[in-house]
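Just model-v8.cif here, mmCIF, C-alpha atoms:
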```
data_protein
#
loop_
_atom_site.label_atom_id
_atom_site.label_comp_id
_atom_site.auth_asym_id
_atom_site.auth_seq_id
_atom_site.Cartn_x
_atom_site.Cartn_y
_atom_site.Cartn_z
CA MET Z 1 99.05 62.24 -71.93
CA HIS Z 2 95.64 62.57 -70.30
CA THR Z 3 94.13 63.37 -73.70
CA ILE Z 4 95.68 60.22 -75.20
CA LYS Z 5 94.37 58.08 -72.34
CA ARG Z 6 90.91 59.60 -72.73
CA ASN Z 7 90.96 58.86 -76.46
CA ILE Z 8 92.02 55.25 -75.89
CA LEU Z 9 89.35 54.83 -73.22
CA CYS Z 10 86.69 56.32 -75.45
CA THR Z 11 87.75 54.08 -78.34
CA LEU Z 12 87.63 50.94 -76.18
CA THR Z 13 84.29 51.92 -74.67
CA GLY Z 14 82.88 52.65 -78.09
CA GLY Z 15 84.05 49.31 -79.39
CA ILE Z 16 82.52 47.46 -76.46
CA LEU Z 17 79.21 49.29 -76.82
CA THR Z 18 79.17 48.64 -80.58
CA ALA Z 19 79.82 44.92 -80.05
CA ALA Z 20 77.15 44.77 -77.35
CA ALA Z 21 74.66 46.52 -79.60
CA ALA Z 22 75.44 44.10 -82.44
CA ALA Z 23 75.01 41.11 -80.13
CA ALA Z 24 71.74 42.48 -78.81
CA ALA Z 25 70.49 43.15 -82.33
CA LEU Z 26 71.29 39.55 -83.30
CA PHE Z 27 69.67 38.14 -80.16
CA PHE Z 28 66.45 40.06 -80.68
CA SER Z 29 66.31 39.66 -84.44
CA SER Z 30 64.27 37.06 -86.28
CA ALA Z 31 65.84 34.61 -88.70
CA LYS Z 32 65.17 35.23 -92.38
CA VAL Z 33 64.76 32.21 -94.61
CA ASN Z 34 65.78 32.12 -98.25
CA THR Z 35 62.82 30.15 -99.61
CA ALA Z 36 64.52 29.64 -102.96
CA LYS Z 37 67.40 27.93 -101.16
CA TYR Z 38 65.17 26.08 -98.66
CA PRO Z 39 61.79 25.54 -100.37
CA VAL Z 40 60.65 22.54 -98.27
CA PHE Z 41 58.63 23.89 -95.35
CA GLY Z 42 57.25 22.16 -92.26
CA VAL Z 43 56.10 22.44 -88.65
CA ASP Z 44 56.47 20.78 -85.30
CA VAL Z 45 53.50 20.40 -82.99
CA SER Z 46 52.45 19.17 -79.58
CA ASN Z 47 49.38 19.19 -77.38
CA TYR Z 48 49.77 22.98 -77.11
CA GLN Z 49 48.45 23.37 -80.68
CA GLY Z 50 45.30 21.50 -79.60
CA ASP Z 51 42.95 20.26 -82.29
CA ILE Z 52 44.73 20.32 -85.66
CA ASP Z 53 43.16 20.22 -89.11
CA TRP Z 54 45.94 18.43 -90.98
CA ASN Z 55 44.34 18.94 -94.38
CA GLU Z 56 44.37 22.69 -93.75
CA LEU Z 57 48.05 22.56 -92.82
CA GLU Z 58 48.77 20.67 -96.02
CA ALA Z 59 46.90 23.35 -98.00
CA GLN Z 60 49.38 25.90 -96.59
CA ASN Z 61 52.32 24.06 -98.21
CA VAL Z 62 53.35 22.13 -95.10
CA SER Z 63 55.42 19.23 -96.45
CA PHE Z 64 56.56 17.67 -93.17
CA ALA Z 65 55.71 17.67 -89.48
CA PHE Z 66 57.36 16.55 -86.28
CA ILE Z 67 54.80 15.43 -83.70
CA LYS Z 68 55.58 15.37 -80.00
CA ALA Z 69 55.13 11.87 -78.58
CA THR Z 70 56.77 11.46 -75.19
CA GLU Z 71 58.92 12.90 -72.43
CA GLY Z 72 61.35 11.07 -70.20
CA SER Z 73 60.41 7.59 -69.02
CA GLY Z 74 56.76 8.08 -68.21
CA HIS Z 75 54.98 10.93 -69.99
CA THR Z 76 53.03 10.65 -73.26
CA ASP Z 77 51.72 13.71 -75.06
CA GLU Z 78 47.96 13.40 -74.98
CA SER Z 79 47.58 14.52 -78.60
CA VAL Z 80 50.11 12.17 -80.20
CA ARG Z 81 47.62 9.46 -81.12
CA ARG Z 82 45.17 11.94 -82.63
CA ASN Z 83 47.89 13.77 -84.56
CA LEU Z 84 49.51 10.65 -85.98
CA ASP Z 85 46.15 9.21 -87.06
CA ARG Z 86 44.95 12.41 -88.72
CA ALA Z 87 48.25 13.27 -90.38
CA ALA Z 88 48.24 9.82 -92.00
CA SER Z 89 45.35 10.92 -94.22
CA THR Z 90 47.49 13.64 -95.84
CA ASN Z 91 50.63 13.74 -97.97
CA ILE Z 92 52.58 15.41 -95.15
CA LYS Z 93 55.67 13.40 -94.19
CA VAL Z 94 55.69 12.89 -90.45
CA SER Z 95 58.02 11.95 -87.65
CA ALA Z 96 57.62 11.97 -83.89
CA TYR Z 97 59.90 13.34 -81.21
CA HIS Z 98 60.83 12.47 -77.65
CA PHE Z 99 61.76 15.14 -75.11
CA PHE Z 100 65.00 13.96 -73.54
CA SER Z 101 65.35 13.75 -69.77
CA PHE Z 102 68.69 14.21 -68.05
CA ASP Z 103 67.16 12.47 -65.03
CA SER Z 104 66.13 8.97 -66.17
CA ALA Z 105 67.70 6.01 -67.93
CA GLY Z 106 68.00 5.97 -71.71
CA GLU Z 107 66.60 2.44 -71.95
CA THR Z 108 63.34 3.32 -70.21
CA GLN Z 109 63.02 6.53 -72.20
CA ALA Z 110 63.34 4.49 -75.39
CA ASP Z 111 60.67 2.06 -74.20
CA ASN Z 112 58.34 4.97 -73.50
CA PHE Z 113 58.73 6.36 -77.02
CA ILE Z 114 58.43 2.99 -78.74
CA SER Z 115 55.23 2.23 -76.85
CA ALA Z 116 53.71 5.44 -78.22
CA VAL Z 117 54.92 5.39 -81.85
CA ASP Z 118 54.90 2.33 -84.08
CA ARG Z 119 57.57 2.11 -86.76
CA SER Z 120 54.85 2.03 -89.43
CA GLU Z 121 53.48 5.43 -88.39
CA ILE Z 122 56.40 7.68 -89.33
CA ASP Z 123 58.04 8.54 -92.65
CA MET Z 124 61.18 10.17 -91.28
CA PRO Z 125 63.60 9.13 -88.51
CA PRO Z 126 62.42 9.40 -84.91
CA VAL Z 127 63.77 12.43 -83.06
CA ILE Z 128 65.37 13.01 -79.67
CA ASP Z 129 64.78 16.57 -78.49
CA ILE Z 130 67.61 17.46 -76.11
CA GLU Z 131 67.63 20.91 -74.57
CA TYR Z 132 68.00 22.49 -71.16
CA TYR Z 133 64.95 22.55 -68.90
CA ALA Z 134 64.19 23.63 -65.32
CA ASP Z 135 67.56 24.30 -63.60
CA LYS Z 136 69.69 22.45 -66.17
CA ARG Z 137 70.90 25.63 -67.85
CA ARG Z 138 72.35 26.83 -64.54
CA ASN Z 139 73.40 23.37 -63.29
CA LYS Z 140 74.56 21.76 -66.51
CA PRO Z 141 74.86 17.94 -66.47
CA SER Z 142 78.31 16.67 -67.40
CA ARG Z 143 79.10 15.30 -70.85
CA GLU Z 144 79.69 11.86 -69.34
CA GLU Z 145 76.35 11.81 -67.53
CA THR Z 146 74.52 12.91 -70.65
CA GLU Z 147 76.27 10.42 -72.93
CA ASN Z 148 75.47 7.58 -70.53
CA ILE Z 149 71.77 8.34 -71.00
CA LEU Z 150 71.69 9.45 -74.62
CA SER Z 151 73.82 6.65 -76.11
CA PRO Z 152 71.57 3.71 -75.11
CA LEU Z 153 68.47 5.73 -76.01
CA LEU Z 154 69.74 6.36 -79.54
CA LYS Z 155 70.93 2.77 -79.90
CA ARG Z 156 67.58 1.31 -78.87
CA LEU Z 157 65.63 3.56 -81.23
CA GLU Z 158 67.94 2.75 -84.12
CA GLU Z 159 67.45 -0.96 -83.46
CA TYR Z 160 63.66 -0.65 -83.41
CA TYR Z 161 63.08 1.84 -86.23
CA GLY Z 162 65.89 0.61 -88.47
CA VAL Z 163 67.34 4.08 -89.07
CA LYS Z 164 69.59 6.50 -87.24
CA PRO Z 165 67.47 8.80 -85.05
CA MET Z 166 67.65 12.53 -85.55
CA ILE Z 167 68.75 14.89 -82.79
CA TYR Z 168 66.95 18.18 -82.21
CA THR Z 169 68.80 20.70 -80.12
CA THR Z 170 69.80 24.30 -79.50
CA LEU Z 171 73.20 25.74 -80.35
CA PRO Z 172 74.50 25.80 -76.73
CA VAL Z 173 73.49 22.16 -76.18
CA TYR Z 174 74.86 21.15 -79.57
CA TYR Z 175 78.30 22.54 -78.78
CA ARG Z 176 78.36 21.08 -75.27
CA TYR Z 177 77.03 17.56 -75.87
CA ILE Z 178 76.34 16.71 -79.51
CA ARG Z 179 79.13 18.04 -81.73
CA GLY Z 180 81.75 15.52 -80.64
CA SER Z 181 80.29 12.15 -79.72
CA PHE Z 182 77.05 12.35 -81.74
CA ALA Z 183 78.10 14.29 -84.83
CA ASP Z 184 77.15 11.39 -87.14
CA TYR Z 185 73.44 11.67 -86.27
CA PRO Z 186 71.19 13.81 -88.49
CA LEU Z 187 70.74 17.23 -86.90
CA TRP Z 188 67.60 19.32 -86.51
CA ILE Z 189 68.80 22.62 -85.09
CA ARG Z 190 66.90 25.42 -83.40
CA CYS Z 191 68.18 28.88 -84.32
CA VAL Z 192 65.49 31.56 -84.38
CA ASN Z 193 67.83 34.56 -84.76
CA CYS Z 194 69.89 33.67 -87.82
CA GLU Z 195 70.72 30.90 -90.28
CA PRO Z 196 72.98 28.25 -88.67
CA ASP Z 197 75.35 28.21 -91.62
CA LEU Z 198 78.44 27.11 -89.71
CA ILE Z 199 77.16 23.61 -88.93
CA ASP Z 200 75.82 20.72 -90.97
CA TRP Z 201 72.06 20.41 -90.39
CA LYS Z 202 69.21 18.41 -91.87
CA PHE Z 203 66.32 20.54 -90.59
CA TRP Z 204 66.30 24.07 -89.20
CA GLN Z 205 63.69 25.41 -86.78
CA TYR Z 206 63.82 29.07 -87.68
CA SER Z 207 60.81 30.40 -85.77
CA ASP Z 208 58.82 29.62 -82.65
CA LYS Z 209 56.40 32.48 -83.37
CA GLY Z 210 54.82 31.24 -86.58
CA THR Z 211 51.12 31.55 -87.26
CA LEU Z 212 49.11 29.34 -89.58
CA THR Z 213 45.46 28.46 -89.74
CA GLY Z 214 44.10 25.02 -88.89
CA TYR Z 215 44.74 24.55 -85.18
CA ILE Z 216 42.96 25.61 -82.01
CA GLY Z 217 44.87 25.19 -78.77
CA ASP Z 218 46.44 26.91 -75.80
CA GLU Z 219 49.32 28.12 -77.98
CA GLU Z 220 48.55 30.61 -80.75
CA HIS Z 221 51.94 30.10 -82.39
CA ILE Z 222 53.41 27.15 -84.20
CA ASP Z 223 57.09 26.29 -84.79
CA LEU Z 224 58.29 26.68 -88.38
CA ASN Z 225 61.07 24.67 -90.03
CA VAL Z 226 62.79 24.07 -93.33
CA TYR Z 227 64.64 21.12 -94.84
CA ASN Z 228 68.21 21.54 -96.09
CA GLY Z 229 67.67 20.73 -99.73
CA SER Z 230 65.28 20.76 -102.67
CA PHE Z 231 61.93 19.02 -103.03
CA GLU Z 232 63.69 16.40 -105.13
CA ASP Z 233 66.22 15.81 -102.34
CA PHE Z 234 63.46 15.62 -99.74
CA ASN Z 235 61.31 13.17 -101.69
CA ARG Z 236 64.32 11.02 -102.51
CA GLU Z 237 65.48 10.88 -98.90
CA PHE Z 238 62.08 10.13 -97.41
CA SER Z 239 60.48 8.14 -100.22
CA VAL Z 240 59.86 4.92 -98.26
CA SER Z 241 56.16 4.59 -97.49
CA ARG Z 242 54.85 3.73 -94.04
CA GLU Z 243 53.54 0.43 -95.33
CA ASN Z 244 57.11 -0.70 -96.18
CA THR Z 245 58.65 -0.23 -92.73
CA ASP Z 246 58.00 -3.63 -91.21
CA ILE Z 247 61.47 -4.11 -89.70
CA PRO Z 248 61.88 -6.92 -87.14
CA GLN Z 249 62.13 -5.52 -83.64
CA GLY Z 250 65.70 -5.33 -82.36
CA LYS Z 251 67.25 -5.55 -85.83
CA ALA Z 252 68.45 -2.55 -87.79
CA GLU Z 253 68.71 -2.78 -91.56
#
```

Once you've parsed the file, please lay out its structure as structure tokens.
Amino acid sequence: MHTIKRNILCTLTGGILTAAAAAAALFFSSAKVNTAKYPVFGVDVSNYQGDIDWNELEAQNVSFAFIKATEGSGHTDESVRRNLDRAASTNIKVSAYHFFSFDSAGETQADNFISAVDRSEIDMPPVIDIEYYADKRRNKPSREETENILSPLLKRLEEYYGVKPMIYTTLPVYYRYIRGSFADYPLWIRCVNCEPDLIDWKFWQYSDKGTLTGYIGDEEHIDLNVYNGSFEDFNREFSVSRENTDIPQGKAE
């Protein structure tokens, strides 16, 4: 009897250790991208990348870029104007993103972003970056609180830019806040350990440890992303030029 119990205990312990090892291996692994499946490659940048040579990024097959613009209701990234102006001289498709605050009203956050990014300056939908910060991972805001901020923010941006905004997020935040109420918004998902093949995404941030040439800033790395589709799909979806985006304020097409 004691031998049987020992065998059962050893089996259970072995199973737990094997599962833990597999989970640890996944957590510490780096995502591998099938470039034949996802050939359209891009980056996202902020003031941390410092001075960026956008022509040099384009020469490294960067097809799109998300540029940080604002945070919350009052902060503007100091490099957004420089990045938008310089990227406009390339063939790189650009958008801009807003870092979502759980602590201020959606309407004022929308006003902050709109004041920094004109509708004529981006080729792709504007982006709301919603992720945990500070103590929010430990003290998670409720779904209701978050929806009461995020809903008017998304609505106001859609009215101004004439297109549904995109949502950037992590897997934990996606499953807590986005999957239900905001599933109809295009998704840009962060998953640096493996391909997020169980959800429907438009863009995938697969690495926050990328290195390219053409930028000099506090951060040596640059975030790397792919589009979910072919070059033909990408060019078809984002074919409207910046010059043809003169949508009346407050009216979505």

Which value, in Å to one decimal, gives the distance between atom CA of Z:Asp51 and atom CA of Z:Thr169?
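These two atoms are separated by 25.9 Å.
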
Would you mind reading off the distance between atom CA of Z:Asp118 and atom CA of Z:Ala183, one decimal, in Å?
26.1 Å

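Counting all atoms listed in the file, the residue from Z:Ser89, Z:Ile199, Z:Lys68, Z:Ala105 that sits nearest to Z:Glu145 is Z:Ala105.
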
Leaving out Z:Asn228 and any residue of its chain fewer than 2 positions from it, which residues lie within 9 Å of it when counting only C-alpha atoms, given as number ranges by chain?
Z: 37-40, 201-204, 226, 230, 233-234

Kindly export the residues of the current selection with C-alpha atoms, as a compact mmCIF listing (two decimals), in the coordinates of the input.
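Written out: out_17.txt:
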```txt
# COMPACT_ATOMS: atom_id res chain seq x y z
CA LYS Z 37 67.40 27.93 -101.16
CA TYR Z 38 65.17 26.08 -98.66
CA PRO Z 39 61.79 25.54 -100.37
CA VAL Z 40 60.65 22.54 -98.27
CA TRP Z 201 72.06 20.41 -90.39
CA LYS Z 202 69.21 18.41 -91.87
CA PHE Z 203 66.32 20.54 -90.59
CA TRP Z 204 66.30 24.07 -89.20
CA VAL Z 226 62.79 24.07 -93.33
CA SER Z 230 65.28 20.76 -102.67
CA ASP Z 233 66.22 15.81 -102.34
CA PHE Z 234 63.46 15.62 -99.74
```

Could you list, as a short mmCIF file (atom, residue, chain, number, x, y, z; two decimals) with C-alpha atoms, in the coordinates of the input, every residue matched by the PyMOL selection byres ((chain Z and resi 47) around 10) in this structure?
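Output saved as expr_23.cif:
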```
data_model
loop_
_atom_site.label_atom_id
_atom_site.label_comp_id
_atom_site.auth_asym_id
_atom_site.auth_seq_id
_atom_site.Cartn_x
_atom_site.Cartn_y
_atom_site.Cartn_z
CA VAL Z 45 53.50 20.40 -82.99
CA SER Z 46 52.45 19.17 -79.58
CA TYR Z 48 49.77 22.98 -77.11
CA GLN Z 49 48.45 23.37 -80.68
CA GLY Z 50 45.30 21.50 -79.60
CA ASP Z 51 42.95 20.26 -82.29
CA ILE Z 52 44.73 20.32 -85.66
CA ILE Z 67 54.80 15.43 -83.70
CA LYS Z 68 55.58 15.37 -80.00
CA ALA Z 69 55.13 11.87 -78.58
CA ASP Z 77 51.72 13.71 -75.06
CA GLU Z 78 47.96 13.40 -74.98
CA SER Z 79 47.58 14.52 -78.60
CA VAL Z 80 50.11 12.17 -80.20
CA ARG Z 82 45.17 11.94 -82.63
CA ASN Z 83 47.89 13.77 -84.56
CA GLY Z 217 44.87 25.19 -78.77
CA ASP Z 218 46.44 26.91 -75.80
CA GLU Z 219 49.32 28.12 -77.98
#
```

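Separating atom CA of Z:Arg176 from atom CA of Z:Arg143 is a distance of 7.3 Å.
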
Would you please work out which residue, of Z:Ser101, Z:Gln60, Z:Asn55, Z:Asn235, is nearest to Z:Glu147 when using all atoms listed in the file?
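Checking each of Z:Ser101, Z:Gln60, Z:Asn55, Z:Asn235 against Z:Glu147, counting all atoms listed in the file, the winner is Z:Ser101.
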
Residue contacts of Z:Met124 (12 Å, all atoms listed in the file) excluding same-chain residues fewer than 2 positions away, as a PyMOL selection string
chain Z and resi 63-67+92-97+119-122+126-127+161-166+186+202-203+234-242+245

Ref. answer, residues at most 6 Å from (71.7, 19.0, -75.3) with all atoms listed in the file, as a list in words
Ile130, Glu131, Thr169, Val173, Tyr174 and Tyr177 of chain Z

Do you know which residues are at most 12 Å from Z:Glu144 counting all atoms listed in the file, after dropping those on the same chain fewer than 6 positions away, and could you put them as JSON, numbers by chain?
{"Z": [102, 150, 151, 176, 177, 178, 181]}

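Among the candidate residues Z:Gly180, Z:Phe99, Z:Leu187, Z:Ser73, the one lying nearest to Z:Pro125 is Z:Leu187, with distances computed using only C-alpha atoms.
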
Selection near Z:Ser30, 8 Å with all atoms listed in the file, sequence-local residues under 3 positions removed, as a compact mmCIF listing (two decimals) with C-alpha atoms, in the coordinates of the input:
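The new file selection21.txt reads:
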```txt
# COMPACT_ATOMS: atom_id res chain seq x y z
CA VAL Z 192 65.49 31.56 -84.38
CA ASN Z 193 67.83 34.56 -84.76
CA CYS Z 194 69.89 33.67 -87.82
CA SER Z 207 60.81 30.40 -85.77
```

Compare Z:Gly210, Z:Thr170, Z:Val117, Z:Thr108 by their minimum atom-to-atom distance to Z:Arg137, counting all atoms listed in the file, and give me the closest one.
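Among the listed residues, Z:Thr170 lies closest to Z:Arg137.
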